[in-house]
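Written out below as structure tokens is the structure these notes cover.
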Amino acid sequence: MNNSTLIDRDLRTIWHPCTQMKDHEFMPLIPIRRAEGVWLEDFEGRRYLDAISSWWVNIFGHCNPRINARIKTQLDTLEHVILAGFSHEPAIELSERLIEITPAGLDRCFFADNGSSAVEVALKMSFHYWRNKGQKNKTRFVNLSNSYHGETLGALAAGDVPLYKETYAPLLMEMITVASPDCYHRRPDESCEEHSRKMFAHMREVLAQRHEEICAVIIEPLVQCAGNMRMYDPIYLKLLREACDEFNVHLIADEIAVGFGRTGSLFACEQADISPDFMCLSKALTGGYLPLSVTLTTDDVYQAFYDNYENLTAFLHSHSFTGNPLGCSAALATLDIFAEDDVIANNKKLAHKMQLATAALTDHPHVAEVRQTGMILAIEMVKNKNTREAYPWQERRGLKVYRHALENEVLLLPLGNVVYFIPPYVITPDEIELMAKVAVEGIEIATGKGRVTSDE
Ligand SMILES: *Cc1c(COP(=O)(O)O)cnc(C)c1O
């Protein structure tokens, strides 16, 4: 078996996610034969350092022996069983442990099998809670500009990335969108905290005026990942929690991308010392092994649904693979690694190394900002450093970085003009050096020497 036969067979049958398939007329697909740690290997023996954790899911490396072992044992015991009316040990233990490690007050776990579904669950539960409480006017949700919460219709509606959303606008529920506290837009003399605090005024105004029709505010704590890795200060979360309490509105924290150590704490909400009313988890929940998600909520929410059947207050939502035992086992093995190894402290060192390895880019004439929150580092390429004028998206500068990186053993997947690292936590300092070196070269090519247009 080699790359090209697999590519032929693939392109005859598979429709790939988030891809203009015609691009594969000039950009070859890469079939992966095996993977270990941070390294992917194709059918011709070429290697790729997985600097994006296979779409932000993998945290402890591919084919991690500890996670593999637990899944194998589970596989020979119970592969799957319905979770309505029945239960199993992996889901029970996982629920107990998630309740233990997540912020105080999150005391109930509702399982699904992907991140978008976890968001759908939170939205439906919040709306349904207010309905069960007799507050029928609460039908609206508030989100932030530039937010992303997944791509099923409800989750797509909840987000605000035009590239994914605009086409489907006629199908989507309408959100109340508040300007993001994104610190990229702060004034040069302003700290990120000052900017985020200032931007909160917009949120406060919406909540003060419209809280009677609002079920919940949904946010991605600290980093808007799909929205070009834009970052903001924890103060915003603190102020938001206070305002949600004041105005009787739920707070939904979508930690699908930022949960499990990515931002420097186990959960991003910890950095603001807040507990949301709903927390959505997926991606790294299973170490990036298997599709599983969970929406955690409070006892208050749970009790609003708990009643005699005839009162029809139950939450009648389900997915076939809800709480799959193999997924739960992978998640338990992942939590074991957090419990046994000093992951958060080690990540601090790795994050520092990422910072040092990219420090020189701050002065690059086509880099507006190098920003970082824990194990997320993003580099914003711009046409004009002073005005921050962006490169037109049609130029596909990020694609140049992607292609250069692949030729040099690194998988980087820029979002538009933003090159970022979200590596597995098992990456070594030397591998960080390689990843950064290749990114710097790629940025050189994409912004200058390998000029795309002549009008620069
Ligand atoms: C990836 C992501 C989702 C959607 O998860 P899927 O499993 O891809 O459906 C939702 N919210 C955030 C913040 C994400 O990064």
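By order of appearance in the structure tokens: chains A, B, ..., then residues from 1 within every chain, and ligands from 1 in the order shown.
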What residues in region 133-276 of chain A get the DSSP label alpha helix (DSSP H)? Please answer as a count of residues only. 42
Could you pull the residues within 7 Å of region 252-262 of chain A, counting only C-alpha atoms, minus those fewer than 5 positions along the same chain, as a list of chain:residue names?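 Final neighbour list, sorted by chain and number: A:Trp56, A:Gly115, A:Ala216, A:Val217, A:Ile218, A:Ile219, A:Glu220, A:Pro221, A:Phe267, A:Ala268, A:Pro276, A:Asp277, A:Phe278, A:Met279, A:Cys280, A:Leu281, A:Ser282, A:Lys283, A:Ala284, A:Ile344, A:Gly374, A:Met375, A:Ile376.
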For Glu120 (chain A), work out the shell of residues within 10 Å, counting only C-alpha atoms and skipping chain neighbours fewer than 2 positions away, then give it as number ranges by chain. A: 112, 115-118, 122-126, 149-150, 152-156, 158, 280, 295, 317
Go through A:Ala357, A:Val438, A:Leu144, A:Met1 one by one, measure the shortest atom-to-atom distance of each to Arg230 (chain A) using only C-alpha atoms, and give the residue with the smallest value.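 Ranking A:Ala357, A:Val438, A:Leu144, A:Met1 by distance to Arg230 (chain A), first place goes to A:Leu144.
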Env of Asn2 (chain A): 9 Å cut, atoms = only C-alpha atoms, seq-sep filter 4 positions within chain, self excluded. Answer as a list in words. Leu6, Ile7, Pro31, Asp42, Phe43 and Glu44 of chain A
Go ahead and save the residues from that selection, with N, CA and C atoms, as an mmCIF file, in the first residue's frame.
```
data_model
loop_
_atom_site.group_PDB
_atom_site.id
_atom_site.type_symbol
_atom_site.label_atom_id
_atom_site.label_comp_id
_atom_site.auth_asym_id
_atom_site.auth_seq_id
_atom_site.Cartn_x
_atom_site.Cartn_y
_atom_site.Cartn_z
ATOM 1 N N LEU A 6 -4.043 4.911 -2.101
ATOM 2 C CA LEU A 6 -5.040 5.273 -1.084
ATOM 3 C C LEU A 6 -5.707 6.604 -1.417
ATOM 4 N N ILE A 7 -4.925 7.524 -1.933
ATOM 5 C CA ILE A 7 -5.495 8.828 -2.305
ATOM 6 C C ILE A 7 -6.549 8.637 -3.401
ATOM 7 N N PRO A 31 -2.588 10.239 3.510
ATOM 8 C CA PRO A 31 -3.078 9.088 4.276
ATOM 9 C C PRO A 31 -2.070 8.733 5.378
ATOM 10 N N ASP A 42 3.083 8.713 7.275
ATOM 11 C CA ASP A 42 2.269 8.330 6.113
ATOM 12 C C ASP A 42 2.767 7.008 5.523
ATOM 13 N N PHE A 43 2.169 6.604 4.391
ATOM 14 C CA PHE A 43 2.454 5.279 3.836
ATOM 15 C C PHE A 43 3.777 5.221 3.087
ATOM 16 N N GLU A 44 4.436 6.368 3.014
ATOM 17 C CA GLU A 44 5.755 6.349 2.373
ATOM 18 C C GLU A 44 6.849 6.692 3.381
#
```
DSSP says strand (DSSP E or B) for which residues of region 216-436 of chain A? Put them as a ChimeraX atom specification? /A:216-219,223-224,230-231,250-254,278-281,293-297,367-373,376-381,384,389,410-411,415,418-421
Output the selection as a compact mmCIF listing (two decimals), in the first residue's frame - C-alpha atoms for each residue.
```
# COMPACT_ATOMS: atom_id res chain seq x y z
CA ALA A 216 -28.32 32.17 28.89
CA VAL A 217 -25.06 33.69 27.77
CA ILE A 218 -22.77 31.24 25.98
CA ILE A 219 -19.03 31.87 25.86
CA VAL A 223 -9.75 31.84 24.01
CA GLN A 224 -11.99 32.02 20.94
CA ARG A 230 -8.38 35.46 19.85
CA MET A 231 -7.83 35.82 23.61
CA HIS A 250 -27.59 31.16 32.91
CA LEU A 251 -23.91 31.10 32.01
CA ILE A 252 -22.84 28.38 29.57
CA ALA A 253 -19.07 27.80 29.44
CA ASP A 254 -18.07 26.01 26.27
CA PHE A 278 -23.41 24.64 32.27
CA MET A 279 -20.01 23.43 31.18
CA CYS A 280 -19.55 21.67 27.83
CA LEU A 281 -16.61 19.29 27.47
CA SER A 293 -18.94 14.81 25.21
CA VAL A 294 -20.55 15.85 28.42
CA THR A 295 -22.63 18.80 29.54
CA LEU A 296 -22.24 19.37 33.27
CA THR A 297 -24.84 21.34 35.13
CA VAL A 367 3.36 39.85 12.28
CA ALA A 368 0.91 42.02 14.21
CA GLU A 369 0.89 39.94 17.36
CA VAL A 370 2.21 36.78 18.94
CA ARG A 371 -0.28 35.88 21.65
CA GLN A 372 -0.41 33.01 24.07
CA THR A 373 -2.64 31.48 26.69
CA ILE A 376 -2.13 27.83 22.79
CA LEU A 377 0.19 30.15 20.89
CA ALA A 378 -0.99 32.15 17.87
CA ILE A 379 0.81 34.34 15.38
CA GLU A 380 -1.25 36.91 13.48
CA MET A 381 0.13 37.66 10.01
CA ASN A 384 0.52 46.16 7.34
CA GLU A 389 -4.60 45.79 7.79
CA VAL A 410 5.21 19.58 10.68
CA LEU A 411 1.43 19.65 10.54
CA LEU A 415 -6.85 29.68 10.47
CA VAL A 418 -3.28 33.09 11.90
CA VAL A 419 -0.63 30.43 12.42
CA TYR A 420 -1.00 28.64 15.74
CA PHE A 421 0.37 25.84 17.88
```
Residues of region 94-163 of chain A within 6 Å of region 174-182 of chain A: nearest atom pair and distance (Å, one decimal) for each, counting only C-alpha atoms, sorted by chain and number, as CSV?
```
residue,atom,partner,partner_atom,distance
A:Phe141,CA,A:Met175,CA,5.5
A:Val142,CA,A:Ile176,CA,4.6
A:Asn143,CA,A:Thr177,CA,5.0
A:Leu144,CA,A:Val178,CA,4.9
A:Ser145,CA,A:Ser180,CA,5.1
```
Residue contacts of Pro234 (chain A) (10 Å, only C-alpha atoms) excluding same-chain residues fewer than 6 positions away, as a list in words: Cys192, Glu193, Ser196, Arg197, Pro221, Leu222, Leu240, Ala268, Cys269, Glu270, Gln271, Ala272, Asp273 and Ile274 of chain A
Could you turn the residues from that selection into a file that holds all heavy atoms, as an mmCIF file, in the first residue's frame?
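File part_2.cif, as written:
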```
data_model
loop_
_atom_site.group_PDB
_atom_site.id
_atom_site.type_symbol
_atom_site.label_atom_id
_atom_site.label_comp_id
_atom_site.auth_asym_id
_atom_site.auth_seq_id
_atom_site.Cartn_x
_atom_site.Cartn_y
_atom_site.Cartn_z
ATOM 1 N N CYS A 192 -4.638 44.120 28.432
ATOM 2 C CA CYS A 192 -5.707 43.210 28.033
ATOM 3 C C CYS A 192 -6.833 43.257 29.073
ATOM 4 O O CYS A 192 -8.012 43.250 28.724
ATOM 5 C CB CYS A 192 -5.137 41.804 27.883
ATOM 6 S SG CYS A 192 -6.305 40.634 27.228
ATOM 7 N N GLU A 193 -6.433 43.352 30.332
ATOM 8 C CA GLU A 193 -7.451 43.404 31.386
ATOM 9 C C GLU A 193 -8.333 44.647 31.244
ATOM 10 O O GLU A 193 -9.569 44.561 31.336
ATOM 11 C CB GLU A 193 -6.807 43.370 32.775
ATOM 12 C CG GLU A 193 -7.880 43.349 33.852
ATOM 13 C CD GLU A 193 -7.353 43.445 35.277
ATOM 14 O OE1 GLU A 193 -6.178 43.109 35.503
ATOM 15 O OE2 GLU A 193 -8.142 43.851 36.135
ATOM 16 N N SER A 196 -10.689 44.129 28.248
ATOM 17 C CA SER A 196 -11.765 43.164 28.498
ATOM 18 C C SER A 196 -12.791 43.738 29.468
ATOM 19 O O SER A 196 -14.001 43.550 29.311
ATOM 20 C CB SER A 196 -11.187 41.852 29.039
ATOM 21 O OG SER A 196 -10.378 41.240 28.055
ATOM 22 N N ARG A 197 -12.288 44.449 30.460
ATOM 23 C CA ARG A 197 -13.179 45.083 31.437
ATOM 24 C C ARG A 197 -14.074 46.132 30.758
ATOM 25 O O ARG A 197 -15.280 46.173 30.982
ATOM 26 C CB ARG A 197 -12.341 45.730 32.545
ATOM 27 C CG ARG A 197 -13.125 46.278 33.716
ATOM 28 C CD ARG A 197 -12.209 47.030 34.659
ATOM 29 N NE ARG A 197 -11.422 46.166 35.536
ATOM 30 C CZ ARG A 197 -11.893 45.605 36.659
ATOM 31 N NH1 ARG A 197 -13.130 45.783 37.015
ATOM 32 N NH2 ARG A 197 -11.112 44.859 37.403
ATOM 33 N N PRO A 221 -14.521 30.319 27.315
ATOM 34 C CA PRO A 221 -13.679 30.986 28.298
ATOM 35 C C PRO A 221 -12.245 31.225 27.800
ATOM 36 O O PRO A 221 -11.594 30.300 27.323
ATOM 37 C CB PRO A 221 -13.679 30.029 29.487
ATOM 38 C CG PRO A 221 -14.922 29.220 29.323
ATOM 39 C CD PRO A 221 -15.118 29.088 27.846
ATOM 40 N N LEU A 222 -11.793 32.429 27.856
ATOM 41 C CA LEU A 222 -10.412 32.905 27.598
ATOM 42 C C LEU A 222 -9.919 32.901 26.155
ATOM 43 O O LEU A 222 -9.209 33.811 25.741
ATOM 44 C CB LEU A 222 -9.379 32.158 28.470
ATOM 45 C CG LEU A 222 -9.577 32.244 29.983
ATOM 46 C CD1 LEU A 222 -8.364 31.617 30.686
ATOM 47 C CD2 LEU A 222 -9.795 33.664 30.466
ATOM 48 N N LEU A 240 -18.895 38.652 34.100
ATOM 49 C CA LEU A 240 -20.038 37.996 33.459
ATOM 50 C C LEU A 240 -20.786 37.109 34.460
ATOM 51 O O LEU A 240 -22.021 37.109 34.498
ATOM 52 C CB LEU A 240 -19.548 37.172 32.260
ATOM 53 C CG LEU A 240 -20.622 36.414 31.485
ATOM 54 C CD1 LEU A 240 -21.686 37.368 30.935
ATOM 55 C CD2 LEU A 240 -19.995 35.621 30.332
ATOM 56 N N ALA A 268 -10.490 26.466 32.037
ATOM 57 C CA ALA A 268 -10.220 27.888 31.879
ATOM 58 C C ALA A 268 -10.989 28.713 32.915
ATOM 59 O O ALA A 268 -10.490 29.724 33.406
ATOM 60 C CB ALA A 268 -10.581 28.334 30.455
ATOM 61 N N CYS A 269 -12.196 28.272 33.274
ATOM 62 C CA CYS A 269 -13.017 29.002 34.256
ATOM 63 C C CYS A 269 -12.295 29.194 35.593
ATOM 64 O O CYS A 269 -12.563 30.153 36.314
ATOM 65 C CB CYS A 269 -14.333 28.273 34.508
ATOM 66 S SG CYS A 269 -15.551 28.509 33.200
ATOM 67 N N GLU A 270 -11.375 28.276 35.894
ATOM 68 C CA GLU A 270 -10.646 28.363 37.171
ATOM 69 C C GLU A 270 -9.857 29.679 37.262
ATOM 70 O O GLU A 270 -9.662 30.212 38.345
ATOM 71 C CB GLU A 270 -9.640 27.214 37.300
ATOM 72 C CG GLU A 270 -10.279 25.858 37.488
ATOM 73 C CD GLU A 270 -9.251 24.733 37.392
ATOM 74 O OE1 GLU A 270 -8.042 24.974 37.596
ATOM 75 O OE2 GLU A 270 -9.669 23.590 37.098
ATOM 76 N N GLN A 271 -9.409 30.184 36.116
ATOM 77 C CA GLN A 271 -8.575 31.386 36.143
ATOM 78 C C GLN A 271 -9.362 32.623 36.554
ATOM 79 O O GLN A 271 -8.789 33.640 36.907
ATOM 80 C CB GLN A 271 -7.886 31.587 34.794
ATOM 81 C CG GLN A 271 -6.902 30.448 34.507
ATOM 82 C CD GLN A 271 -6.085 30.664 33.256
ATOM 83 O OE1 GLN A 271 -5.674 31.777 32.954
ATOM 84 N NE2 GLN A 271 -5.826 29.583 32.525
ATOM 85 N N ALA A 272 -10.699 32.521 36.470
ATOM 86 C CA ALA A 272 -11.538 33.617 36.939
ATOM 87 C C ALA A 272 -12.240 33.215 38.230
ATOM 88 O O ALA A 272 -13.042 33.970 38.771
ATOM 89 C CB ALA A 272 -12.567 33.985 35.881
ATOM 90 N N ASP A 273 -11.938 31.995 38.686
ATOM 91 C CA ASP A 273 -12.540 31.486 39.910
ATOM 92 C C ASP A 273 -14.080 31.517 39.853
ATOM 93 O O ASP A 273 -14.740 31.948 40.791
ATOM 94 C CB ASP A 273 -12.032 32.321 41.101
ATOM 95 C CG ASP A 273 -12.221 31.587 42.415
ATOM 96 O OD1 ASP A 273 -12.436 30.366 42.378
ATOM 97 O OD2 ASP A 273 -12.176 32.255 43.477
ATOM 98 N N ILE A 274 -14.624 31.084 38.722
ATOM 99 C CA ILE A 274 -16.082 31.069 38.583
ATOM 100 C C ILE A 274 -16.597 29.660 38.303
ATOM 101 O O ILE A 274 -15.856 28.794 37.826
ATOM 102 C CB ILE A 274 -16.577 31.975 37.432
ATOM 103 C CG1 ILE A 274 -15.999 31.512 36.077
ATOM 104 C CG2 ILE A 274 -16.250 33.432 37.694
ATOM 105 C CD1 ILE A 274 -16.879 31.859 34.895
#
```
Which neighbours of Asp113 (chain A) fall inside 7 Å, counting only C-alpha atoms, when residues of the same chain fewer than 5 positions from it are skipped, and could you give them as a VMD selection string? chain A and resid 291 to 293 321 to 322
Residue contacts of Phe127 (chain A) (9 Å, only C-alpha atoms) excluding same-chain residues fewer than 5 positions away, as a tab-separated table (two decimals) with N, CA, C and O atoms, in the first residue's frame:
```
chain	number	residue	atom	x	y	z
A	122	ALA	N	-26.85	21.99	26.22
A	122	ALA	CA	-26.83	23.12	27.15
A	122	ALA	C	-27.90	24.15	26.77
A	122	ALA	O	-28.62	24.66	27.63
A	132	ASN	N	-39.80	25.22	32.48
A	132	ASN	CA	-40.30	24.44	33.63
A	132	ASN	C	-40.54	25.33	34.84
A	132	ASN	O	-41.38	25.02	35.70
A	136	LYS	N	-41.82	31.69	30.57
A	136	LYS	CA	-41.96	31.37	29.15
A	136	LYS	C	-41.41	32.46	28.22
A	136	LYS	O	-41.24	32.23	27.03
A	138	LYS	N	-38.48	33.67	28.42
A	138	LYS	CA	-37.04	33.48	28.20
A	138	LYS	C	-36.84	32.52	27.03
A	138	LYS	O	-36.99	31.31	27.18
A	139	THR	N	-36.52	33.08	25.87
A	139	THR	CA	-36.36	32.28	24.66
A	139	THR	C	-35.08	32.63	23.89
A	139	THR	O	-34.82	32.06	22.85
A	140	ARG	N	-34.33	33.61	24.38
A	140	ARG	CA	-33.19	34.09	23.60
A	140	ARG	C	-31.86	33.74	24.26
A	140	ARG	O	-31.78	33.52	25.46
A	141	PHE	N	-30.81	33.71	23.42
A	141	PHE	CA	-29.46	33.46	23.92
A	141	PHE	C	-28.53	34.59	23.49
A	141	PHE	O	-28.71	35.16	22.42
A	214	ILE	N	-33.93	36.56	28.11
A	214	ILE	CA	-32.68	35.82	27.89
A	214	ILE	C	-32.58	34.58	28.77
A	214	ILE	O	-32.73	34.66	29.99
A	215	CYS	N	-32.33	33.43	28.13
A	215	CYS	CA	-32.11	32.18	28.86
A	215	CYS	C	-30.68	32.13	29.40
A	215	CYS	O	-30.46	31.82	30.57
A	216	ALA	N	-29.72	32.38	28.52
A	216	ALA	CA	-28.32	32.17	28.89
A	216	ALA	C	-27.38	32.97	28.01
A	216	ALA	O	-27.72	33.37	26.90
```
Work out how far CA of Trp55 (chain A) is from atom 14 (C, counted along the ligand's line) of ligand 1, in Å to one decimal. 9.7 Å
Could you please determine the separation between CA of His185 (chain A) and CA of Asp363 (chain A) in Å, to one decimal place? 18.6 Å
Would you please work out which residue, of A:Leu326, A:Leu361, A:Tyr164, A:Ile82, is nearest to Cys18 (chain A) when using only C-alpha atoms?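 Going through A:Leu326, A:Leu361, A:Tyr164, A:Ile82 one by one, the smallest distance to Cys18 (chain A) is for A:Tyr164.
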Out of A:Ser87, A:Thr5, A:Ser265, A:Asn114, which residue has the shortest atom-to-atom distance to ligand 1 when counting only C-alpha atoms and all ligand atoms? A:Asn114
